[in-house]
Amino acid sequence: MATTPATPSLPPLKPLRFTFPFRKKGNGTASVEITDEHEFHRILKNEPSGTYSLSSKGMWHGGIHISEAGAGQALDLKGGVRCIADGDVVAWRLNRSYPISELPAQNGKPAFSAPYSTGFALVRHAMEFPRGTKLTFFSLYMHLQDLAGYESDATLPKPAYWTPEFKVTEYAQDKPHVSPRGVTAPSEQKGLRVRATHPHGAPRCILPLGTQFSISERAGDWGKIKDIHGTQPYPPTVGAHVAPSAAVGGWAFLGKEHGGYVADAVMPDSMLDQVVVPPQPVPIKAGDLIGYLGRYDSLGQQISNQMVHIEVFCGDAIKPFLQEGRAWIEQHSPFPDRWKQLGLPSEPTILRIARKTKLYKAALNEGQDAPQTGVIQVLSLAGLAKLKDNKVMETTPGTDNQKRPWWKVDSADVRSRVVSGWVREQSFAGGRVTREFAQAWIDFDASFDEPHDPTHTMFATTKAYVDYSLGADVPAPGALAKLSPLMARVYRAIYATGDGRQAADELCDAANDPWRALRMSRLIIKHESEWANPVKWRRLIQEIETRTGPQVQHEAEQNRIEKLVWWDEVKAGVSDLPGSDVFHIHPIGMVGNFARENCKALEITTDMLKQVARATSDELLDEYVSPLNRAFVDHRFDSCISQGHFLAQILHESGEFKFTKELLERKHMTLGVAAG
């Protein structure tokens, strides 16, 4: 009898893990993970410049700034800039030391030097939802610390994506073995032993002190040697023959012995002051170190400024990606088994409270003069669940025949004044309250692709921008009608009822209102990148100097810009980097949408798992770390006790991951014994 072959099961989709680019300063020495997007927006309010999507001077700005004097006051800058999502580093640039803009004495002010960083890291990320629908996006971290900053502070960890070479130090004391005839090696023949395998493979040779070498692979404290740049190694045994190529492919220890590291990481000249596109992208995880704030001093005044610019961008695929994801959710989201087929949790993660929603005085009781929201509020359901005394569960079914929780929430009225009250999680009589999936990108809008000024101002023409910025005596210099079609559309999205007479000023000030900042963070805007086509800046400067005459700051600024751009160089080596006219996404808005609330002990690593599964190989533990962390979130094991019980049961029943499927034969044998 013919049977229909079983449909092979497809692997689960792998959701990206997201995290905010900085931790927050703690009360003591330890920093604290930020889990609330609203908190990060409040911190960004302290940033004097560089907000999304406009600078304080009215120029296009595709990302956000974090500076030491601004938002950095509340953030753990010593912990460094962290990667916002799992991905691969595809390009980077590291300054040996910062380039310097030299400003001559003028207008009674002395000459001064202004360092600035051109260092950056570019990370590529891939997201899939639903199955077969993929989005490639990039996160950029600009103005990173120079190498000199790391060398001046040896305690600073270095980014793992760097591809340094190594130099054998005086702490390497390996010597050739005594010959069969008892001859010992000369005292000067000492260095670093190279083995066929690690950690106890047969010795191949010894690298002399001072040898500089590169590696192709790293495994813990061991590196697989790629090149020793023509150095002649010592033989493994006195009197033996050793070829110069004997070290290549062998493994060298890179850790500490005899009081120090046997090999120091050194950056070759080929990795400094130029764009590096590694032959193979370097994997990086959410939360991994990207670097530290670099110098970017003003050309207008002699003030030291430490900062980083962070942005997210992607190509045109964002539009169909959003459309297909939302269509799938609309059709399939009520059916848990369909989420299970994708390997994703079937519960929404976001509570959305629409405008014109009443906030009841108490759960199940509207009360008198219940305030009404004038903004859209989005909150993490997991975050709400952690707050004390803000949840009441219904004891009898509501109008939808379901017993639902009521949540106490904060919002704002039409005048942006804080209001608070209670809402039912779903089917709420006081307004529209819904539970949303992160994959729906609720309230994100990628339709902002109208024309913009080619010199990157917010105005329709560069001349209109110069009138506005220089305070020219012209009618309504900052009015809505003067803005480019793109920025006029952005204005209407942020100020729906504004009269537009001071549109430019209002847009530049939008980040100071947390609710407008939240709305701005949902606008996905298409605009030419700041890091391409430096000619556009020269056009802007020429237009300004028709009014002001030549300015030394302008020439210095143009020189900076020409050293900052990197797009064409990266595009030559990264084929899926889109053209420079890209859609920009607010990095904090994106992380806030996708980041899940994690308890302090939630994220486990292979090293942590090794402590309780010592008989299991590292390769097998690596395979199960991500699914375990995902299970902690999906099933709300949000305490150390619940995690410990779950992990102990998994390890016991699987024999420390040796048996991950039920053995039918074993069950039958057990049943047979019991029956006999």
# chains A, B, ... in the order shown; residues from 1 in each chain; ligands from 1
>>> residues_around(residues="segment 308-325 of chain A", least_positions_apart="5", cutoff="7 Å", atoms="only C-alpha atoms", output="PDB file with N, CA, C and O atoms, in the first residue's frame")
ATOM      1  N   GLY A  62      20.364  61.306  10.060  1.00  0.00           N
ATOM      2  CA  GLY A  62      19.776  59.981   9.964  1.00  0.00           C
ATOM      3  C   GLY A  62      19.923  59.106  11.186  1.00  0.00           C
ATOM      4  O   GLY A  62      19.514  57.939  11.161  1.00  0.00           O
ATOM      5  N   GLY A  63      20.498  59.632  12.267  1.00  0.00           N
ATOM      6  CA  GLY A  63      20.676  58.812  13.466  1.00  0.00           C
ATOM      7  C   GLY A  63      20.550  59.643  14.724  1.00  0.00           C
ATOM      8  O   GLY A  63      19.909  60.691  14.742  1.00  0.00           O
ATOM      9  N   ILE A  64      21.184  59.166  15.780  1.00  0.00           N
ATOM     10  CA  ILE A  64      21.182  59.876  17.061  1.00  0.00           C
ATOM     11  C   ILE A  64      22.617  60.041  17.543  1.00  0.00           C
ATOM     12  O   ILE A  64      23.503  59.265  17.177  1.00  0.00           O
ATOM     13  N   HIS A  65      22.840  61.057  18.345  1.00  0.00           N
ATOM     14  CA  HIS A  65      24.126  61.253  19.003  1.00  0.00           C
ATOM     15  C   HIS A  65      24.016  60.888  20.482  1.00  0.00           C
ATOM     16  O   HIS A  65      22.998  61.133  21.119  1.00  0.00           O
ATOM     17  N   ILE A  66      25.087  60.316  20.987  1.00  0.00           N
ATOM     18  CA  ILE A  66      25.285  60.150  22.424  1.00  0.00           C
ATOM     19  C   ILE A  66      26.612  60.832  22.735  1.00  0.00           C
ATOM     20  O   ILE A  66      27.664  60.401  22.256  1.00  0.00           O
ATOM     21  N   SER A  67      26.566  61.905  23.506  1.00  0.00           N
ATOM     22  CA  SER A  67      27.794  62.619  23.836  1.00  0.00           C
ATOM     23  C   SER A  67      28.046  62.561  25.336  1.00  0.00           C
ATOM     24  O   SER A  67      27.131  62.363  26.132  1.00  0.00           O
ATOM     25  N   PHE A 129      10.581  37.272   8.453  1.00  0.00           N
ATOM     26  CA  PHE A 129       9.196  37.111   8.907  1.00  0.00           C
ATOM     27  C   PHE A 129       8.259  37.647   7.835  1.00  0.00           C
ATOM     28  O   PHE A 129       8.432  38.774   7.378  1.00  0.00           O
ATOM     29  N   PRO A 130       7.239  36.812   7.404  1.00  0.00           N
ATOM     30  CA  PRO A 130       7.111  35.385   7.734  1.00  0.00           C
ATOM     31  C   PRO A 130       8.157  34.571   6.976  1.00  0.00           C
ATOM     32  O   PRO A 130       9.075  35.156   6.405  1.00  0.00           O
ATOM     33  N   THR A 133      10.352  35.647   3.768  1.00  0.00           N
ATOM     34  CA  THR A 133      10.367  37.101   3.593  1.00  0.00           C
ATOM     35  C   THR A 133      11.460  37.672   4.477  1.00  0.00           C
ATOM     36  O   THR A 133      11.387  37.587   5.698  1.00  0.00           O
ATOM     37  N   LYS A 134      12.484  38.252   3.857  1.00  0.00           N
ATOM     38  CA  LYS A 134      13.668  38.655   4.602  1.00  0.00           C
ATOM     39  C   LYS A 134      13.969  40.140   4.410  1.00  0.00           C
ATOM     40  O   LYS A 134      13.660  40.730   3.376  1.00  0.00           O
ATOM     41  N   LEU A 135      14.576  40.706   5.430  1.00  0.00           N
ATOM     42  CA  LEU A 135      15.031  42.093   5.391  1.00  0.00           C
ATOM     43  C   LEU A 135      16.481  42.142   5.852  1.00  0.00           C
ATOM     44  O   LEU A 135      16.823  41.618   6.913  1.00  0.00           O
ATOM     45  N   THR A 136      17.321  42.752   5.036  1.00  0.00           N
ATOM     46  CA  THR A 136      18.695  43.037   5.434  1.00  0.00           C
ATOM     47  C   THR A 136      18.773  44.505   5.830  1.00  0.00           C
ATOM     48  O   THR A 136      18.345  45.381   5.074  1.00  0.00           O
ATOM     49  N   PHE A 137      19.277  44.760   7.019  1.00  0.00           N
ATOM     50  CA  PHE A 137      19.458  46.143   7.448  1.00  0.00           C
ATOM     51  C   PHE A 137      20.826  46.281   8.099  1.00  0.00           C
ATOM     52  O   PHE A 137      21.484  45.289   8.435  1.00  0.00           O
ATOM     53  N   PHE A 138      21.262  47.522   8.257  1.00  0.00           N
ATOM     54  CA  PHE A 138      22.607  47.802   8.757  1.00  0.00           C
ATOM     55  C   PHE A 138      22.525  48.752   9.952  1.00  0.00           C
ATOM     56  O   PHE A 138      21.693  49.657   9.977  1.00  0.00           O
ATOM     57  N   SER A 139      23.401  48.541  10.927  1.00  0.00           N
ATOM     58  CA  SER A 139      23.557  49.509  12.012  1.00  0.00           C
ATOM     59  C   SER A 139      24.968  50.086  11.926  1.00  0.00           C
ATOM     60  O   SER A 139      25.943  49.363  11.684  1.00  0.00           O
ATOM     61  N   LEU A 140      25.053  51.393  12.097  1.00  0.00           N
ATOM     62  CA  LEU A 140      26.307  52.118  11.961  1.00  0.00           C
ATOM     63  C   LEU A 140      26.651  52.793  13.281  1.00  0.00           C
ATOM     64  O   LEU A 140      25.785  53.391  13.933  1.00  0.00           O
ATOM     65  N   TYR A 141      27.931  52.721  13.649  1.00  0.00           N
ATOM     66  CA  TYR A 141      28.446  53.339  14.869  1.00  0.00           C
ATOM     67  C   TYR A 141      29.624  54.216  14.451  1.00  0.00           C
ATOM     68  O   TYR A 141      30.695  53.700  14.123  1.00  0.00           O
ATOM     69  N   MET A 142      29.423  55.533  14.441  1.00  0.00           N
ATOM     70  CA  MET A 142      30.377  56.481  13.836  1.00  0.00           C
ATOM     71  C   MET A 142      31.054  57.309  14.921  1.00  0.00           C
ATOM     72  O   MET A 142      30.457  57.599  15.956  1.00  0.00           O
ATOM     73  N   HIS A 143      32.285  57.737  14.643  1.00  0.00           N
ATOM     74  CA  HIS A 143      33.109  58.571  15.529  1.00  0.00           C
ATOM     75  C   HIS A 143      33.584  57.763  16.748  1.00  0.00           C
ATOM     76  O   HIS A 143      33.419  58.179  17.900  1.00  0.00           O
ATOM     77  N   LEU A 144      34.185  56.604  16.495  1.00  0.00           N
ATOM     78  CA  LEU A 144      34.656  55.749  17.580  1.00  0.00           C
ATOM     79  C   LEU A 144      36.070  56.137  18.023  1.00  0.00           C
ATOM     80  O   LEU A 144      36.821  56.792  17.303  1.00  0.00           O
ATOM     81  N   LEU A 293      33.223  56.033  22.846  1.00  0.00           N
ATOM     82  CA  LEU A 293      33.030  57.359  22.286  1.00  0.00           C
ATOM     83  C   LEU A 293      34.361  57.934  21.825  1.00  0.00           C
ATOM     84  O   LEU A 293      35.379  57.825  22.518  1.00  0.00           O
ATOM     85  N   GLY A 294      34.341  58.565  20.641  1.00  0.00           N
ATOM     86  CA  GLY A 294      35.542  59.203  20.128  1.00  0.00           C
ATOM     87  C   GLY A 294      35.428  60.721  20.181  1.00  0.00           C
ATOM     88  O   GLY A 294      34.379  61.277  20.498  1.00  0.00           O
ATOM     89  N   GLN A 439       6.388  41.869  15.328  1.00  0.00           N
ATOM     90  CA  GLN A 439       6.579  41.657  13.891  1.00  0.00           C
ATOM     91  C   GLN A 439       5.638  42.503  13.039  1.00  0.00           C
ATOM     92  O   GLN A 439       5.825  42.622  11.832  1.00  0.00           O
ATOM     93  N   ALA A 440       4.608  43.097  13.664  1.00  0.00           N
ATOM     94  CA  ALA A 440       3.702  43.981  12.923  1.00  0.00           C
ATOM     95  C   ALA A 440       4.281  45.386  12.795  1.00  0.00           C
ATOM     96  O   ALA A 440       3.735  46.216  12.059  1.00  0.00           O
ATOM     97  N   ALA A 446       6.792  53.555   6.598  1.00  0.00           N
ATOM     98  CA  ALA A 446       7.890  53.653   5.627  1.00  0.00           C
ATOM     99  C   ALA A 446       7.470  54.369   4.347  1.00  0.00           C
ATOM    100  O   ALA A 446       8.073  54.162   3.294  1.00  0.00           O
ATOM    101  N   PRO A 578      23.096  48.680   0.033  1.00  0.00           N
ATOM    102  CA  PRO A 578      22.275  49.341  -0.985  1.00  0.00           C
ATOM    103  C   PRO A 578      22.934  50.612  -1.492  1.00  0.00           C
ATOM    104  O   PRO A 578      23.991  51.033  -0.999  1.00  0.00           O
ATOM    105  N   VAL A 582      18.809  55.692   1.092  1.00  0.00           N
ATOM    106  CA  VAL A 582      18.317  54.571   1.899  1.00  0.00           C
ATOM    107  C   VAL A 582      17.219  55.012   2.859  1.00  0.00           C
ATOM    108  O   VAL A 582      17.040  56.201   3.136  1.00  0.00           O
ATOM    109  N   PHE A 583      16.498  54.016   3.377  1.00  0.00           N
ATOM    110  CA  PHE A 583      15.502  54.260   4.421  1.00  0.00           C
ATOM    111  C   PHE A 583      16.199  54.215   5.777  1.00  0.00           C
ATOM    112  O   PHE A 583      16.904  53.250   6.086  1.00  0.00           O
ATOM    113  N   HIS A 584      15.986  55.255   6.581  1.00  0.00           N
ATOM    114  CA  HIS A 584      16.587  55.334   7.913  1.00  0.00           C
ATOM    115  C   HIS A 584      15.548  54.972   8.968  1.00  0.00           C
ATOM    116  O   HIS A 584      14.387  55.372   8.882  1.00  0.00           O
ATOM    117  N   ILE A 585      15.984  54.216   9.968  1.00  0.00           N
ATOM    118  CA  ILE A 585      15.120  53.766  11.065  1.00  0.00           C
ATOM    119  C   ILE A 585      15.724  54.248  12.377  1.00  0.00           C
ATOM    120  O   ILE A 585      16.935  54.109  12.601  1.00  0.00           O
ATOM    121  N   HIS A 586      14.901  54.818  13.229  1.00  0.00           N
ATOM    122  CA  HIS A 586      15.389  55.290  14.535  1.00  0.00           C
ATOM    123  C   HIS A 586      15.924  54.086  15.325  1.00  0.00           C
ATOM    124  O   HIS A 586      15.186  53.131  15.581  1.00  0.00           O
ATOM    125  N   PRO A 587      17.203  54.075  15.725  1.00  0.00           N
ATOM    126  CA  PRO A 587      17.756  52.889  16.395  1.00  0.00           C
ATOM    127  C   PRO A 587      17.067  52.557  17.716  1.00  0.00           C
ATOM    128  O   PRO A 587      16.873  51.374  18.031  1.00  0.00           O
TER     129      PRO A 587
END
>>> select_by_dssp(residues="segment 157-276 of chain A", states="strand (DSSP E or B)", output="count of residues only")
45
>>> residues_around(residues="segment 340-350 of chain A", least_positions_apart="6", cutoff="6 Å", atoms="only C-alpha atoms", output="PyMOL selection string")
chain A and resi 12-13+379-381+435-437+634
>>> closest_residue(among="A:Arg596, A:Gln302, A:Ser152, A:Pro208", to="Phe112 of chain A", atoms="only C-alpha atoms")
A:Gln302
>>> residues_around(residues="segment 365-377 of chain A", least_positions_apart="3", cutoff="7 Å", atoms="only C-alpha atoms", output="ChimeraX atom specification")
/A:352-362,411-414,419,515
>>> closest_residue(among="A:Trp92, A:Tyr491, A:Phe646, A:Phe428", to="Ala121 of chain A", atoms="only C-alpha atoms")
A:Trp92
>>> residues_around(residues="His200 of chain A", least_positions_apart="4", cutoff="10 Å", atoms="only C-alpha atoms", output="number ranges by chain")
A: 195-196, 251
>>> closest_residue(among="A:Pro233, A:Pro199, A:Gly149, A:Gly220", to="Pro176 of chain A", atoms="only C-alpha atoms")
A:Pro233
>>> decode(residues="segment 83-213 of chain A", atoms="C-alpha atoms", output="short mmCIF file (atom, residue, chain, number, x, y, z; two decimals), in the first residue's frame")
data_model
loop_
_atom_site.label_atom_id
_atom_site.label_comp_id
_atom_site.auth_asym_id
_atom_site.auth_seq_id
_atom_site.Cartn_x
_atom_site.Cartn_y
_atom_site.Cartn_z
CA CYS A 83 25.90 46.30 19.14
CA ILE A 84 22.10 46.67 19.02
CA ALA A 85 21.32 43.29 17.41
CA ASP A 86 22.87 39.99 16.32
CA GLY A 87 24.67 40.33 13.00
CA ASP A 88 28.02 40.49 11.22
CA VAL A 89 30.60 43.26 11.14
CA VAL A 90 31.17 43.93 7.43
CA ALA A 91 33.37 47.04 7.56
CA TRP A 92 35.22 49.28 9.99
CA ARG A 93 37.81 52.00 10.26
CA LEU A 94 40.16 52.68 13.17
CA ASN A 95 42.21 55.87 13.54
CA ARG A 96 45.74 55.33 14.83
CA SER A 97 45.24 58.77 16.39
CA TYR A 98 42.53 61.29 15.63
CA PRO A 99 42.92 63.53 12.59
CA ILE A 100 43.11 67.19 13.60
CA SER A 101 41.52 70.30 12.13
CA GLU A 102 43.84 73.30 12.61
CA LEU A 103 41.99 76.58 13.05
CA PRO A 104 44.04 79.80 12.74
CA ALA A 105 43.66 82.78 15.02
CA GLN A 106 40.80 85.04 13.98
CA ASN A 107 38.50 87.72 15.35
CA GLY A 108 40.63 88.10 18.45
CA LYS A 109 40.48 84.38 19.23
CA PRO A 110 43.68 82.30 19.39
CA ALA A 111 44.43 79.45 17.03
CA PHE A 112 43.38 76.00 18.21
CA SER A 113 43.34 72.36 17.19
CA ALA A 114 40.13 70.32 16.94
CA PRO A 115 40.52 66.50 16.87
CA TYR A 116 37.80 64.43 15.21
CA SER A 117 37.21 60.72 14.70
CA THR A 118 36.56 59.10 11.34
CA GLY A 119 36.43 55.65 12.98
CA PHE A 120 33.31 53.54 12.52
CA ALA A 121 31.91 50.02 12.55
CA LEU A 122 29.18 48.82 10.17
CA VAL A 123 27.11 45.76 11.11
CA ARG A 124 24.81 43.84 8.78
CA HIS A 125 21.70 42.18 10.20
CA ALA A 126 19.15 39.82 8.67
CA MET A 127 15.54 39.45 9.78
CA GLU A 128 12.98 36.94 8.48
CA PHE A 129 9.20 37.11 8.91
CA PRO A 130 7.11 35.38 7.73
CA ARG A 131 9.01 32.42 6.35
CA GLY A 132 10.78 33.34 3.13
CA THR A 133 10.37 37.10 3.59
CA LYS A 134 13.67 38.66 4.60
CA LEU A 135 15.03 42.09 5.39
CA THR A 136 18.69 43.04 5.43
CA PHE A 137 19.46 46.14 7.45
CA PHE A 138 22.61 47.80 8.76
CA SER A 139 23.56 49.51 12.01
CA LEU A 140 26.31 52.12 11.96
CA TYR A 141 28.45 53.34 14.87
CA MET A 142 30.38 56.48 13.84
CA HIS A 143 33.11 58.57 15.53
CA LEU A 144 34.66 55.75 17.58
CA GLN A 145 37.72 56.01 19.82
CA ASP A 146 41.19 55.87 18.22
CA LEU A 147 43.86 53.22 18.86
CA ALA A 148 45.87 55.68 20.94
CA GLY A 149 42.97 55.77 23.42
CA TYR A 150 43.17 52.01 23.94
CA GLU A 151 46.96 52.13 24.27
CA SER A 152 46.72 54.83 26.94
CA ASP A 153 44.35 52.67 29.03
CA ALA A 154 45.39 49.02 29.04
CA THR A 155 42.30 48.07 31.08
CA LEU A 156 39.94 48.81 28.20
CA PRO A 157 38.66 45.66 26.46
CA LYS A 158 39.17 45.74 22.70
CA PRO A 159 36.41 44.94 20.19
CA ALA A 160 36.44 41.29 19.17
CA TYR A 161 35.77 42.09 15.50
CA TRP A 162 39.18 43.67 15.07
CA THR A 163 41.57 41.42 13.15
CA PRO A 164 44.88 42.20 14.84
CA GLU A 165 48.20 40.51 14.47
CA PHE A 166 50.18 39.22 17.44
CA LYS A 167 53.74 39.78 18.60
CA VAL A 168 55.64 37.24 20.70
CA THR A 169 56.56 38.81 24.06
CA GLU A 170 59.29 38.20 26.60
CA TYR A 171 56.81 36.13 28.64
CA ALA A 172 57.06 33.36 26.03
CA GLN A 173 59.75 31.03 27.42
CA ASP A 174 59.36 27.88 25.29
CA LYS A 175 62.64 26.26 24.15
CA PRO A 176 63.50 23.45 21.71
CA HIS A 177 63.60 20.05 23.33
CA VAL A 178 66.98 18.52 24.08
CA SER A 179 68.36 16.53 21.13
CA PRO A 180 68.54 12.70 21.30
CA ARG A 181 72.26 13.13 22.04
CA GLY A 182 71.57 15.43 24.98
CA VAL A 183 72.43 18.73 23.29
CA THR A 184 70.49 21.70 24.71
CA ALA A 185 69.39 24.77 22.79
CA PRO A 186 71.34 28.02 22.99
CA SER A 187 69.93 30.41 25.63
CA GLU A 188 68.76 32.88 23.00
CA GLN A 189 66.54 30.24 21.30
CA LYS A 190 63.33 30.77 23.15
CA GLY A 191 59.90 31.97 22.18
CA LEU A 192 56.40 30.64 21.53
CA ARG A 193 55.76 26.98 20.72
CA VAL A 194 53.49 26.13 17.76
CA ARG A 195 51.57 22.84 17.93
CA ALA A 196 49.79 20.77 15.29
CA THR A 197 46.58 20.90 17.34
CA HIS A 198 45.58 22.54 20.58
CA PRO A 199 46.15 22.16 23.45
CA HIS A 200 48.43 19.12 23.45
CA GLY A 201 49.30 18.52 19.81
CA ALA A 202 52.76 17.62 18.55
CA PRO A 203 55.20 20.60 18.52
CA ARG A 204 55.91 21.97 15.04
CA CYS A 205 58.33 24.79 15.78
CA ILE A 206 59.03 27.78 18.04
CA LEU A 207 58.48 31.41 17.05
CA PRO A 208 61.37 33.65 18.18
CA LEU A 209 60.74 36.56 20.55
CA GLY A 210 59.43 39.59 18.66
CA THR A 211 57.90 37.54 15.83
CA GLN A 212 54.78 39.18 14.44
CA PHE A 213 52.15 36.77 13.13
#
